[in-house]
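> Got a structure here, written out as structure tokens. Questions coming.
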Amino acid sequence: MINLMVDTDIGNDCDDAAAAALACMYESAGLCKLLCFTVNTTDRYAPGCLDAIADRYGSRTPIGVYKGEGFPESPSSYCRKVAERFGTAELSERPEAVGLMRRKLSACPDGSVKIVCIGH
């Protein structure tokens, strides 16, 4: 089984939502261990949207967020609607993405993690 991390700019278009759902489905089928999602935009609704997708498939995958500067605030209409209806907390309550990835990587043997990057 592979260890998997998914880094996403979910919200720009629907490919990221589908990829997140597939990662969760693969995990529930025993094909991977989903270590974390990370969000590489400042959309405050993106983590809640990912929570909703993960919850649909029974995944409790942690979600890290980008907390730096350089991205304009551009919330996605579908992320907002999904997060408000099915998701959870906003951006400020999440761990920082790089730190979360480093913690997860350090707990795994060398060469045992695949990182899927979608977007930026």
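By convention here, the chains of the structure tokens are called A, B, ... in the order presented, each chain's residues are numbered starting at 1, and ligands are numbered starting at 1 in the order presented.
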Write out as a list of chain:residue names which residues come within 12 Å of Asp55 of chain A when counting only C-alpha atoms, dropping same-chain ones fewer than 4 positions away.

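Skipping anything fewer than 4 positions along the chain leaves A:Ala20, A:Ala21, A:Cys24, A:Met25, A:Ser28, A:Pro47, A:Gly48, A:Cys49, A:Leu50, A:Asp51, A:Ser59, A:Arg60, A:Thr61, A:Pro62, A:Val82, A:Ala83, A:Phe86, A:Gly87, A:Thr88.
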
> Sorted by chain and rising residue number, which residues of segment 31-111 of chain A lie within 9 Å of segment 8-18 of chain A, and what are their closest atom pairs and distances in Å to one decimal, counting only C-alpha atoms, as CSV?


residue,atom,partner,partner_atom,distance
A:Phe37,CA,A:Thr8,CA,7.4
A:Thr38,CA,A:Thr8,CA,6.2
A:Val39,CA,A:Thr8,CA,5.1
A:Asn40,CA,A:Asp9,CA,5.2
A:Thr41,CA,A:Asp9,CA,5.6
A:Thr42,CA,A:Asp9,CA,8.9
A:Asp43,CA,A:Gly11,CA,7.7
A:Tyr45,CA,A:Gly11,CA,8.6
A:Ala46,CA,A:Ile10,CA,6.2
A:Pro47,CA,A:Ile10,CA,8.7
A:Cys49,CA,A:Ile10,CA,8.4
A:Leu50,CA,A:Ala17,CA,7.6
A:Ile53,CA,A:Ala17,CA,7.5
A:Ser74,CA,A:Gly11,CA,9.0
A:Pro75,CA,A:Gly11,CA,7.3
A:Ser76,CA,A:Gly11,CA,4.9
A:Ser77,CA,A:Gly11,CA,7.8
A:Tyr78,CA,A:Gly11,CA,7.0
A:Cys79,CA,A:Gly11,CA,5.8
A:Arg80,CA,A:Gly11,CA,8.9

> Take the residues from that selection and write them out as a CSV table (one decimal), in the first residue's frame, keeping N, CA and C atoms.


chain,number,residue,atom,x,y,z
A,37,PHE,N,-4.3,16.1,3.1
A,37,PHE,CA,-4.6,17.0,2.0
A,37,PHE,C,-3.9,18.3,2.4
A,38,THR,N,-3.4,19.1,1.5
A,38,THR,CA,-3.0,20.4,1.7
A,38,THR,C,-3.6,21.3,0.7
A,39,VAL,N,-4.0,22.5,1.1
A,39,VAL,CA,-4.6,23.5,0.2
A,39,VAL,C,-3.6,24.6,-0.1
A,40,ASN,N,-3.3,24.8,-1.4
A,40,ASN,CA,-2.3,25.8,-1.7
A,40,ASN,C,-2.9,27.1,-2.3
A,41,THR,N,-4.1,27.5,-1.8
A,41,THR,CA,-4.7,28.8,-2.1
A,41,THR,C,-5.2,29.4,-0.8
A,42,THR,N,-5.7,30.6,-0.8
A,42,THR,CA,-6.2,31.2,0.4
A,42,THR,C,-7.7,31.2,0.5
A,43,ASP,N,-8.3,30.4,-0.3
A,43,ASP,CA,-9.8,30.3,-0.3
A,43,ASP,C,-10.2,29.7,1.1
A,45,TYR,N,-12.9,28.7,2.2
A,45,TYR,CA,-13.9,27.6,2.2
A,45,TYR,C,-13.3,26.3,1.6
A,46,ALA,N,-12.1,26.3,1.1
A,46,ALA,CA,-11.5,25.1,0.5
A,46,ALA,C,-11.3,24.0,1.5
A,47,PRO,N,-10.8,24.2,2.7
A,47,PRO,CA,-10.6,23.1,3.6
A,47,PRO,C,-12.0,22.5,4.0
A,49,CYS,N,-14.6,22.4,2.2
A,49,CYS,CA,-15.1,21.6,1.1
A,49,CYS,C,-14.4,20.3,1.0
A,50,LEU,N,-13.1,20.3,1.3
A,50,LEU,CA,-12.3,19.0,1.3
A,50,LEU,C,-12.8,18.1,2.5
A,53,ILE,N,-16.0,16.4,1.3
A,53,ILE,CA,-15.7,15.3,0.4
A,53,ILE,C,-15.1,14.1,1.1
A,74,SER,N,-9.8,34.7,-3.3
A,74,SER,CA,-10.8,34.5,-4.4
A,74,SER,C,-11.6,33.2,-4.1
A,75,PRO,N,-12.6,33.3,-3.2
A,75,PRO,CA,-13.3,32.2,-2.8
A,75,PRO,C,-14.1,31.6,-3.9
A,76,SER,N,-14.2,30.3,-4.0
A,76,SER,CA,-14.9,29.6,-5.0
A,76,SER,C,-16.4,29.5,-4.6
A,77,SER,N,-17.3,29.7,-5.5
A,77,SER,CA,-18.7,29.6,-5.2
A,77,SER,C,-19.1,28.2,-4.8
A,78,TYR,N,-18.5,27.2,-5.5
A,78,TYR,CA,-18.9,25.8,-5.1
A,78,TYR,C,-18.3,25.4,-3.8
A,79,CYS,N,-17.0,25.8,-3.5
A,79,CYS,CA,-16.4,25.5,-2.3
A,79,CYS,C,-17.2,26.1,-1.1
A,80,ARG,N,-17.6,27.3,-1.3
A,80,ARG,CA,-18.4,28.0,-0.2
A,80,ARG,C,-19.7,27.2,0.0

> For segment 103-120 of chain A, please output as a ChimeraX atom specification all residues within 6 Å (counting only C-alpha atoms; exclusion window: fewer than 6 positions along the same chain).

/A:3-9

> For atom CA of Val98 of chain A and atom CA of Tyr26 of chain A, quote the distance in Å rounded to one decimal.

23.6 Å

> At what distance in Å, to one decimal, does atom CA of Gly64 of chain A lie from atom CA of Leu35 of chain A?

10.9 Å

> What does the distance between atom CA of Cys32 of chain A and atom CA of Gly68 of chain A come to in Å, to one decimal place?

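That distance, rounded to one decimal, is 29.7 Å.
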
> Please give the complete set of residues from segment 6-112 of chain A that DSSP, run on the backbone, assigns to alpha helix (DSSP H), formatted as a ChimeraX atom specification.

/A:15-28,46-56,77-86,97-106

> Could you find all residues in chain A that DSSP calls strand (DSSP E or B) from the backbone, and write them as a list in words?

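Selecting the strand (DSSP E or B) positions of chain A gives Ile2, Asn3, Leu4, Met5, Val6, Asp7, Thr8, Cys32, Lys33, Leu34, Leu35, Cys36, Phe37, Thr38, Val39, Ile63, Gly64, Val65, Glu96, Val113, Lys114, Ile115, Val116, Cys117 and Ile118 of chain A.
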